[in-house]
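Peer 1: Just one file: my_file.csv, with CSV, C-alpha atoms and all ligand atoms.
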chain,number,residue,atom,x,y,z
A,1,MET,CA,0.0,0.0,0.0
A,2,GLU,CA,2.0,3.0,-1.3
A,3,GLU,CA,-0.5,5.8,-0.8
A,4,LYS,CA,-0.7,7.4,2.7
A,5,ILE,CA,-4.1,7.3,4.3
A,6,LYS,CA,-5.6,10.7,5.1
A,7,VAL,CA,-6.3,11.2,8.8
A,8,GLY,CA,-7.6,14.3,10.6
A,9,VAL,CA,-5.7,15.3,13.8
A,10,SER,CA,-5.8,17.9,16.5
A,11,SER,CA,-3.1,20.3,15.3
A,12,CYS,CA,-1.3,20.7,18.7
A,13,LEU,CA,-0.6,16.9,18.6
A,14,LEU,CA,1.7,17.5,15.6
A,15,GLY,CA,3.8,20.0,17.7
A,16,ASN,CA,2.1,23.1,16.4
A,17,ARG,CA,2.0,25.9,19.0
A,18,VAL,CA,-1.7,26.6,18.9
A,19,ARG,CA,-2.7,25.9,22.5
A,20,TYR,CA,-4.2,28.6,24.7
A,21,ASP,CA,-0.9,29.1,26.5
A,22,GLY,CA,1.2,29.2,23.3
A,23,GLY,CA,2.4,25.7,23.7
A,24,HIS,CA,1.8,22.4,22.0
A,25,LYS,CA,1.1,18.7,22.9
A,26,HIS,CA,3.4,17.0,20.5
A,27,ASP,CA,2.8,13.3,20.4
A,28,ARG,CA,5.8,11.4,19.1
A,29,TYR,CA,3.9,8.2,18.3
A,30,ILE,CA,1.8,10.2,15.9
A,31,THR,CA,4.6,12.2,14.2
A,32,ASP,CA,7.4,9.6,14.3
A,33,VAL,CA,5.5,6.3,13.7
A,34,LEU,CA,2.0,6.9,12.3
A,35,ALA,CA,3.2,9.7,10.0
A,36,ASN,CA,5.0,7.0,7.9
A,37,TYR,CA,1.6,5.6,6.9
A,38,PHE,CA,-0.9,8.5,7.4
A,39,GLN,CA,-1.1,11.9,5.8
A,40,PHE,CA,-2.3,14.2,8.5
A,41,VAL,CA,-4.9,16.9,8.0
A,42,PRO,CA,-4.4,19.2,11.1
A,43,VAL,CA,-7.3,21.1,12.6
A,44,CYS,CA,-7.2,23.5,15.6
A,45,PRO,CA,-10.8,24.5,16.0
A,46,GLU,CA,-10.1,27.3,18.5
A,47,VAL,CA,-7.5,29.1,16.3
A,48,GLU,CA,-9.4,28.4,13.1
A,49,CYS,CA,-12.6,29.8,14.5
A,50,GLY,CA,-10.8,33.1,15.1
A,51,LEU,CA,-9.4,33.0,18.6
A,52,PRO,CA,-5.8,34.2,19.2
A,53,VAL,CA,-2.7,32.4,20.6
A,54,PRO,CA,-2.3,32.9,23.5
A,55,ARG,CA,-5.9,33.1,24.7
A,56,GLU,CA,-7.9,32.7,27.9
A,57,ALA,CA,-8.4,29.0,28.8
A,58,MET,CA,-11.9,27.6,28.2
A,59,HIS,CA,-14.0,24.8,29.6
A,60,LEU,CA,-17.4,23.3,29.0
A,61,LYS,CA,-20.3,24.4,31.1
A,62,GLY,CA,-24.0,23.5,31.7
A,63,ASP,CA,-25.9,20.5,30.4
A,64,PRO,CA,-23.3,17.7,29.5
A,65,ASP,CA,-25.5,16.8,26.4
A,66,GLN,CA,-25.5,20.4,25.2
A,67,PRO,CA,-22.6,22.2,26.9
A,68,ARG,CA,-21.5,25.8,26.3
A,69,LEU,CA,-17.9,26.7,25.6
A,70,VAL,CA,-17.0,29.4,28.1
A,71,THR,CA,-13.7,31.1,29.1
A,72,THR,CA,-12.7,30.0,32.6
A,73,ARG,CA,-11.9,33.5,34.2
A,74,SER,CA,-14.1,36.1,32.4
A,75,SER,CA,-16.9,33.7,31.4
A,76,VAL,CA,-17.0,34.8,27.7
A,77,ASP,CA,-19.3,32.4,25.8
A,78,HIS,CA,-17.7,31.2,22.5
A,79,THR,CA,-20.3,28.5,21.8
A,80,ASP,CA,-22.0,30.2,18.8
A,81,LYS,CA,-18.7,31.2,17.2
A,82,MET,CA,-17.4,27.6,17.5
A,83,GLN,CA,-20.6,26.0,16.2
A,84,LYS,CA,-20.5,28.2,13.1
A,85,PHE,CA,-16.9,27.1,12.5
A,86,CYS,CA,-17.8,23.5,13.0
A,87,ASP,CA,-20.6,23.6,10.4
A,88,VAL,CA,-18.3,25.1,7.8
A,89,LYS,CA,-15.2,23.0,8.7
A,90,THR,CA,-17.0,19.6,8.7
A,91,ARG,CA,-18.5,20.4,5.3
A,92,GLU,CA,-15.0,21.2,4.1
A,93,LEU,CA,-13.7,18.0,5.5
A,94,GLU,CA,-16.2,16.0,3.4
A,95,ASN,CA,-13.9,16.8,0.4
A,96,GLU,CA,-10.8,15.5,2.2
A,97,GLN,CA,-11.9,11.8,2.2
A,98,LEU,CA,-10.5,11.3,5.7
A,99,CYS,CA,-10.3,7.7,6.9
A,100,ALA,CA,-10.1,8.6,10.7
A,101,PHE,CA,-9.6,11.4,13.2
A,102,ILE,CA,-7.3,11.5,16.2
A,103,PHE,CA,-8.4,14.0,18.8
A,104,LYS,CA,-6.6,15.7,21.7
A,105,LYS,CA,-8.0,14.3,25.0
A,106,ASP,CA,-9.6,16.5,27.7
A,107,SER,CA,-10.0,19.5,25.4
A,108,PRO,CA,-13.4,21.4,25.5
A,109,SER,CA,-13.2,21.7,21.7
A,110,SER,CA,-11.3,18.6,20.6
A,111,GLY,CA,-11.7,16.0,23.4
A,112,LEU,CA,-13.7,12.9,22.4
A,113,PHE,CA,-14.4,11.1,25.7
A,114,ARG,CA,-15.1,12.1,29.3
A,115,VAL,CA,-14.4,15.8,28.9
A,116,LYS,CA,-15.1,17.8,32.1
A,117,VAL,CA,-18.4,19.8,32.1
A,118,TYR,CA,-18.8,22.2,34.9
A,119,GLY,CA,-22.2,22.8,36.6
A,120,ASN,CA,-23.3,26.1,38.2
A,121,SER,CA,-21.9,25.0,41.6
A,122,GLY,CA,-18.4,24.6,40.0
A,123,GLN,CA,-18.5,20.8,40.3
A,124,ALA,CA,-17.3,19.0,37.1
A,125,GLN,CA,-18.7,15.8,35.7
A,126,LYS,CA,-16.5,13.9,33.2
A,127,LYS,CA,-19.4,13.3,30.8
A,128,GLY,CA,-18.8,15.7,27.9
A,129,ARG,CA,-17.4,15.8,24.4
A,130,GLY,CA,-15.6,18.8,22.8
A,131,LEU,CA,-17.8,20.8,20.5
A,132,PHE,CA,-15.6,20.2,17.4
A,133,ALA,CA,-15.2,16.4,18.2
A,134,SER,CA,-19.0,16.2,18.5
A,135,ALA,CA,-19.5,17.9,15.2
A,136,VAL,CA,-17.1,15.5,13.4
A,137,VAL,CA,-18.8,12.4,15.0
A,138,ASN,CA,-22.2,13.7,14.0
A,139,ARG,CA,-21.3,14.5,10.4
A,140,PHE,CA,-19.2,11.3,9.9
A,141,PRO,CA,-20.8,8.7,12.2
A,142,LEU,CA,-19.0,5.7,10.7
A,143,LEU,CA,-15.5,7.3,10.7
A,144,PRO,CA,-13.0,5.7,13.1
A,145,VAL,CA,-12.2,8.2,15.8
A,146,GLU,CA,-9.8,8.0,18.8
A,147,GLU,CA,-7.9,10.1,21.3
A,148,GLU,CA,-4.1,10.3,21.4
A,149,GLY,CA,-4.0,9.2,25.0
A,150,ARG,CA,-5.8,6.0,24.3
A,151,LEU,CA,-3.4,5.2,21.5
A,152,HIS,CA,-0.8,4.4,24.2
A,153,ASP,CA,-2.8,1.4,25.2
A,154,ALA,CA,-1.7,-1.5,22.9
A,155,ASN,CA,-5.1,-3.1,22.5
A,156,LEU,CA,-6.9,0.2,21.8
A,157,ARG,CA,-4.2,1.2,19.4
A,158,GLU,CA,-4.3,-2.1,17.4
A,159,ASN,CA,-8.1,-1.9,17.3
A,160,PHE,CA,-8.1,1.7,16.1
A,161,ILE,CA,-5.5,1.2,13.4
A,162,GLU,CA,-7.2,-2.0,12.2
A,163,ARG,CA,-10.4,0.0,11.8
A,164,VAL,CA,-8.6,2.8,9.9
A,165,TYR,CA,-7.2,0.3,7.4
A,166,CYS,CA,-10.6,-1.4,7.1
A,167,TYR,CA,-12.3,1.9,6.5
A,168,TYR,CA,-9.7,2.8,3.9
A,169,ARG,CA,-10.2,-0.5,2.0
A,170,TRP,CA,-14.0,0.1,2.1
A,171,GLN,CA,-13.6,3.6,0.6
A,172,SER,CA,-11.3,2.2,-2.1
A,173,PHE,CA,-13.8,-0.5,-2.8
A,174,LEU,CA,-16.6,2.2,-3.2
A,175,GLU,CA,-14.4,4.2,-5.6
A,176,HIS,CA,-13.9,1.3,-8.0
A,177,GLU,CA,-17.4,0.7,-9.4
A,178,PRO,CA,-18.6,-1.6,-6.8
A,179,ASP,CA,-21.0,-4.4,-7.9
A,180,TYR,CA,-22.4,-7.5,-6.3
A,181,LYS,CA,-19.6,-9.7,-7.3
A,182,LYS,CA,-17.0,-7.3,-5.9
A,183,LEU,CA,-18.9,-7.1,-2.6
A,184,VAL,CA,-18.9,-10.9,-2.3
A,185,GLN,CA,-15.1,-10.8,-2.8
A,186,PHE,CA,-14.7,-8.0,-0.3
A,187,HIS,CA,-16.8,-9.9,2.3
A,188,THR,CA,-14.9,-13.2,1.6
A,189,ARG,CA,-11.5,-11.5,2.2
A,190,HIS,CA,-12.8,-10.0,5.5
A,191,LYS,CA,-14.5,-13.1,7.0
A,192,LEU,CA,-11.8,-14.0,9.5
A,193,GLN,CA,-11.3,-10.3,10.5
A,194,LEU,CA,-15.0,-10.0,11.1
A,195,MET,CA,-15.0,-13.2,13.1
A,196,ALA,CA,-12.3,-11.8,15.3
A,197,HIS,CA,-14.4,-8.7,16.0
A,198,SER,CA,-17.9,-10.0,16.1
A,199,PRO,CA,-19.0,-13.5,15.1
A,200,LYS,CA,-22.6,-12.2,15.4
A,201,HIS,CA,-22.0,-9.5,12.8
A,202,LEU,CA,-20.2,-11.9,10.5
A,203,ALA,CA,-23.3,-14.2,10.5
A,204,GLN,CA,-25.6,-11.2,9.9
A,205,MET,CA,-23.5,-9.8,7.1
A,206,GLY,CA,-23.2,-13.2,5.5
A,207,ARG,CA,-27.1,-13.3,5.4
A,208,LEU,CA,-27.2,-9.8,4.0
A,209,VAL,CA,-24.7,-10.6,1.2
A,210,ALA,CA,-26.6,-13.8,0.4
A,211,ALA,CA,-29.9,-11.9,0.1
A,212,GLY,CA,-28.2,-8.9,-1.6
A,213,LYS,CA,-28.3,-10.3,-5.1
A,214,ASN,CA,-31.9,-9.2,-5.3
A,215,MET,CA,-31.5,-5.9,-3.4
A,216,PRO,CA,-31.0,-2.4,-5.0
A,217,ARG,CA,-27.2,-1.9,-5.0
A,218,ASP,CA,-27.1,1.3,-3.0
A,219,GLN,CA,-29.3,-0.1,-0.3
A,220,LEU,CA,-27.1,-3.2,0.0
A,221,LEU,CA,-23.9,-1.2,0.2
A,222,GLU,CA,-25.3,1.2,2.8
A,223,GLN,CA,-26.5,-1.7,5.0
A,224,TYR,CA,-23.2,-3.6,4.6
A,225,GLN,CA,-21.2,-0.4,5.4
A,226,GLU,CA,-23.1,0.2,8.6
A,227,SER,CA,-22.6,-3.4,9.8
A,228,LEU,CA,-18.9,-3.3,8.9
A,229,ALA,CA,-18.3,-0.1,11.0
A,230,GLU,CA,-20.4,-1.6,13.9
A,231,ALA,CA,-18.5,-4.9,13.8
A,232,MET,CA,-15.0,-3.3,13.6
A,233,ALA,CA,-15.8,-1.0,16.5
A,234,LEU,CA,-16.1,-4.1,18.7
A,235,LYS,CA,-12.8,-5.2,20.1
A,236,ALA,CA,-11.0,-8.3,18.9
A,237,THR,CA,-10.3,-10.0,22.3
A,238,VAL,CA,-7.9,-12.9,23.0
A,239,LYS,CA,-10.9,-15.2,23.3
A,240,LYS,CA,-12.3,-14.2,19.9
A,241,ASN,CA,-8.8,-14.4,18.3
A,242,VAL,CA,-8.4,-17.9,19.8
A,243,ASN,CA,-11.7,-18.9,18.1
A,244,VAL,CA,-10.4,-17.6,14.8
A,245,LEU,CA,-7.1,-19.4,15.2
A,246,TYR,CA,-8.9,-22.7,15.8
A,247,HIS,CA,-11.1,-22.0,12.9
A,248,ILE,CA,-8.0,-21.6,10.7
A,249,MET,CA,-6.6,-24.8,12.1
A,250,GLY,CA,-9.8,-26.6,11.2
A,251,HIS,CA,-9.5,-25.2,7.7
A,252,PHE,CA,-6.0,-26.6,7.5
A,253,LYS,CA,-6.8,-30.0,8.9
A,254,THR,CA,-6.4,-32.0,5.7
A,255,PHE,CA,-3.0,-30.4,5.0
A,256,LEU,CA,-1.1,-30.3,8.3
A,257,THR,CA,0.9,-33.2,9.5
A,258,GLY,CA,0.3,-34.6,13.0
A,259,ASP,CA,3.4,-32.7,14.4
A,260,GLU,CA,2.3,-29.4,12.7
A,261,LYS,CA,-1.2,-29.7,14.3
A,262,THR,CA,0.4,-30.3,17.7
A,263,GLU,CA,2.7,-27.4,17.3
A,264,LEU,CA,0.0,-25.0,16.2
A,265,SER,CA,-2.4,-26.0,19.0
A,266,GLU,CA,0.3,-25.6,21.6
A,267,VAL,CA,1.1,-22.1,20.3
A,268,ILE,CA,-2.6,-21.2,20.3
A,269,GLU,CA,-3.0,-22.4,23.9
A,270,LYS,CA,0.0,-20.3,25.0
A,271,TYR,CA,-1.6,-17.3,23.4
A,272,ALA,CA,-4.9,-18.1,25.1
A,273,ARG,CA,-3.1,-18.1,28.4
A,274,PHE,CA,-1.5,-14.7,27.7
A,275,MET,CA,2.0,-16.2,27.6
A,276,ILE,CA,2.8,-15.0,24.1
A,277,PRO,CA,1.4,-12.2,21.9
A,278,LEU,CA,-0.9,-12.7,18.9
A,279,VAL,CA,2.0,-12.3,16.4
A,280,VAL,CA,3.4,-15.7,17.4
A,281,PRO,CA,0.5,-18.0,16.4
A,282,LEU,CA,-0.1,-15.8,13.3
A,283,THR,CA,3.5,-16.1,12.2
A,284,LEU,CA,3.2,-19.9,12.4
A,285,VAL,CA,-0.2,-19.7,10.5
A,286,GLY,CA,1.5,-17.5,7.9
A,287,HIS,CA,4.2,-20.1,7.5
A,288,TYR,CA,1.7,-22.9,6.9
A,289,VAL,CA,-0.4,-20.7,4.5
A,290,ARG,CA,2.8,-20.1,2.4
A,291,LYS,CA,3.8,-23.8,2.6
A,292,TYR,CA,0.4,-25.2,1.6
A,293,LYS,CA,-0.6,-22.3,-0.6
A,294,ASP,CA,-4.2,-22.2,0.6
A,295,SER,CA,-5.9,-19.5,-1.5
A,296,TYR,CA,-8.8,-18.8,0.9
A,297,LEU,CA,-6.4,-18.1,3.7
A,298,GLN,CA,-3.8,-16.3,1.5
A,299,ASP,CA,-6.5,-13.7,0.7
A,300,GLN,CA,-7.7,-13.2,4.3
A,301,VAL,CA,-7.1,-9.6,5.5
A,302,TYR,CA,-7.0,-11.0,9.1
A,303,LEU,CA,-3.5,-12.3,8.5
A,304,GLU,CA,-2.2,-8.8,7.7
A,305,PRO,CA,-4.7,-6.1,8.4
A,306,HIS,CA,-2.1,-3.3,8.7
A,307,PRO,CA,1.6,-3.0,7.9
A,308,ALA,CA,3.7,-5.5,9.9
A,309,GLU,CA,6.3,-2.8,10.5
A,310,LEU,CA,3.9,-1.1,13.0
A,311,MET,CA,4.3,-4.2,15.2
A,312,LEU,CA,0.9,-3.8,16.6
A,313,ARG,CA,0.3,-7.5,17.2
A,314,ASN,CA,3.6,-7.9,19.1
A,315,HIS,CA,1.8,-6.3,22.1
A,316,VAL,CA,-1.7,-7.8,22.1
A,401,LIG,S1,-6.8,20.7,21.7
A,401,LIG,FE1,-7.8,21.3,19.8
A,401,LIG,S2,-8.4,23.4,20.2
A,401,LIG,FE2,-6.9,22.9,21.7
A,401,LIG,S3,-5.0,23.5,20.9
A,401,LIG,FE3,-5.2,21.4,20.4
A,401,LIG,S4,-6.2,21.4,18.4
A,401,LIG,FE4,-6.4,23.5,19.2
Represent the supplied structure as structure tokens.
Peer 2:
Amino acid sequence: MEEKIKVGVSSCLLGNRVRYDGGHKHDRYITDVLANYFQFVPVCPEVECGLPVPREAMHLKGDPDQPRLVTTRSSVDHTDKMQKFCDVKTRELENEQLCAFIFKKDSPSSGLFRVKVYGNSGQAQKKGRGLFASAVVNRFPLLPVEEEGRLHDANLRENFIERVYCYYRWQSFLEHEPDYKKLVQFHTRHKLQLMAHSPKHLAQMGRLVAAGKNMPRDQLLEQYQESLAEAMALKATVKKNVNVLYHIMGHFKTFLTGDEKTELSEVIEKYARFMIPLVVPLTLVGHYVRKYKDSYLQDQVYLEPHPAELMLRNHV
């Protein structure tokens, strides 16, 4: 995959000095690792809506479902200005064909999860979402979104990047005159990946694809896309991966020798007991796939859902 994937990012995470205090929140994982694969589209909603650097700090206030964006010392309300900006900016982002957005945690404009919202008594509840992050999620409900802080957790990071690549493959699929036959191929390649995230969705999507031959194309693609995003948002746990690994072993059963079966099941069991990371059983599976040239497994995205150089499965 030569082309870099376009991903929106809170500008201060790239090291840009756009914060209220004139500083930044440079995140090295984003700029030194992910930047090799992603082309970032930076957005600082506070500066781009017309506020200066430096500026008075702000927080969210009032109803956590519809908070106001207010300066902390002089109580100037910037909500309307920010909302106007969000309308224009999210419309503009439709042309960028983003495959994900990485937000700065805790920010009243950019924070995605558990942002503090202050009540009249001055007590804060961690129940809010930054106004710009809300606008992005509302306009692009299927887009993979995450916060930089959570990307330091190996499981969340692997899950998010897997979703980004899956979203990217789906967008590429849509761009190349998708038809029923191509959807069947897309679904077939993603079967094991879907099984690792949600066996329930895999079954539902299998029924949808089977029934889809007689459905209007756009309706079929829309329903498939929604289920795909829903499934990929569910985490691939150790238990679900073990299920997939045994499924692969079952698929191999007529090829593998007795010793190879024993070796593979021992490695899967070690992974199930958290003694080794996912990359170990998958490396062995990859070896057997190459040795026995099984075309169904060779095509499975599950075996390489993102660049191996990111080493995401060495830690899950
Ligand atoms: S958190 Fe968002 S609004 Fe605040 S400085 Fe960073 S990009 Fe700008």
Peer 1: Counting only C-alpha atoms and all ligand atoms, which protein, DNA or RNA residues come within 6 Å of ligand LIG 401 (chain A), given as a ChimeraX atom specification?
Peer 2: /A:10-12,18-19,43-46,104,107,109-110
Peer 1: Show me, as a VMD selection string, the residues that have an atom within 10 Å of Leu282 of chain A when counting only C-alpha atoms, minus same-chain residues fewer than 5 positions from it.
Peer 2: chain A and resid 245 264 267 to 268 277 287 to 288 302 to 304 313
Peer 1: Up to 10 Å from (-1.7, 30.5, 23.7) in the file's coordinates: name the residues, counting all atoms listed in the file, as a PyMOL selection string.
Peer 2: chain A and resi 17-24+47+51-57
Peer 1: Write out as a VMD selection string each polymer residue whose atoms come within 12 Å of Thr31 of chain A, counting only C-alpha atoms; drop sequence neighbours fewer than 3 positions from it.
Peer 2: chain A and resid 9 11 to 16 25 to 28 34 to 40 42 148
Peer 1: Considering all atoms listed in the file, state which residue in the set A:Val88, A:Met82, A:Gln300, A:Gly286 is at the smallest distance from Thr188 of chain A.
Peer 2: A:Gln300
Peer 1: With distances taken over only C-alpha atoms, which residue among A:Asp218, A:Asp153, A:Glu266, A:Asp32 lies nearest Leu183 of chain A?
Peer 2: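 Smallest separation from Leu183 of chain A among the options: A:Asp218.
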Peer 1: Which one is closest to Cys49 of chain A: A:Lys84, A:Ile276, A:Gln204, A:Arg68? Count all atoms listed in the file.
Peer 2: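 Once distances to Cys49 of chain A are computed over all atoms listed in the file, the minimum belongs to A:Lys84.
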Peer 1: At what distance in Å, to one decimal, does atom CA of Gln193 of chain A lie from atom CA of Leu284 of chain A?
Peer 2: 17.5 Å
Peer 1: Show me, as an NGL selection string, the residues that have an atom within 9 Å of segment 251-262 of chain A when counting only C-alpha atoms, minus same-chain residues fewer than 3 positions from it.
Peer 2: :A and (246-248 or 265-267 or 288-289 or 292 or 294 or 297)
Peer 1: Could you tell me how far atom CA of Ala100 of chain A sits from atom CA of Tyr224 of chain A, in Å to one decimal place?
Peer 2: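 If I compute the distance from atom CA of Tyr224 of chain A to atom CA of Ala100 of chain A, I get 18.9 Å.
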Peer 1: For a test of reading the model, state the distance in Å between atom CA of Val279 of chain A and atom CA of Arg150 of chain A, rounded to one decimal.
Peer 2: 21.4 Å
Peer 1: Would you list the residues near (-19.6, 20.0, 8.8), meaning any protein, DNA or RNA residue with an atom at most 12 Å from that point in file coordinates, counting all atoms listed in the file, as a PyMOL selection string?
Peer 2: chain A and resi 82-96+131-141
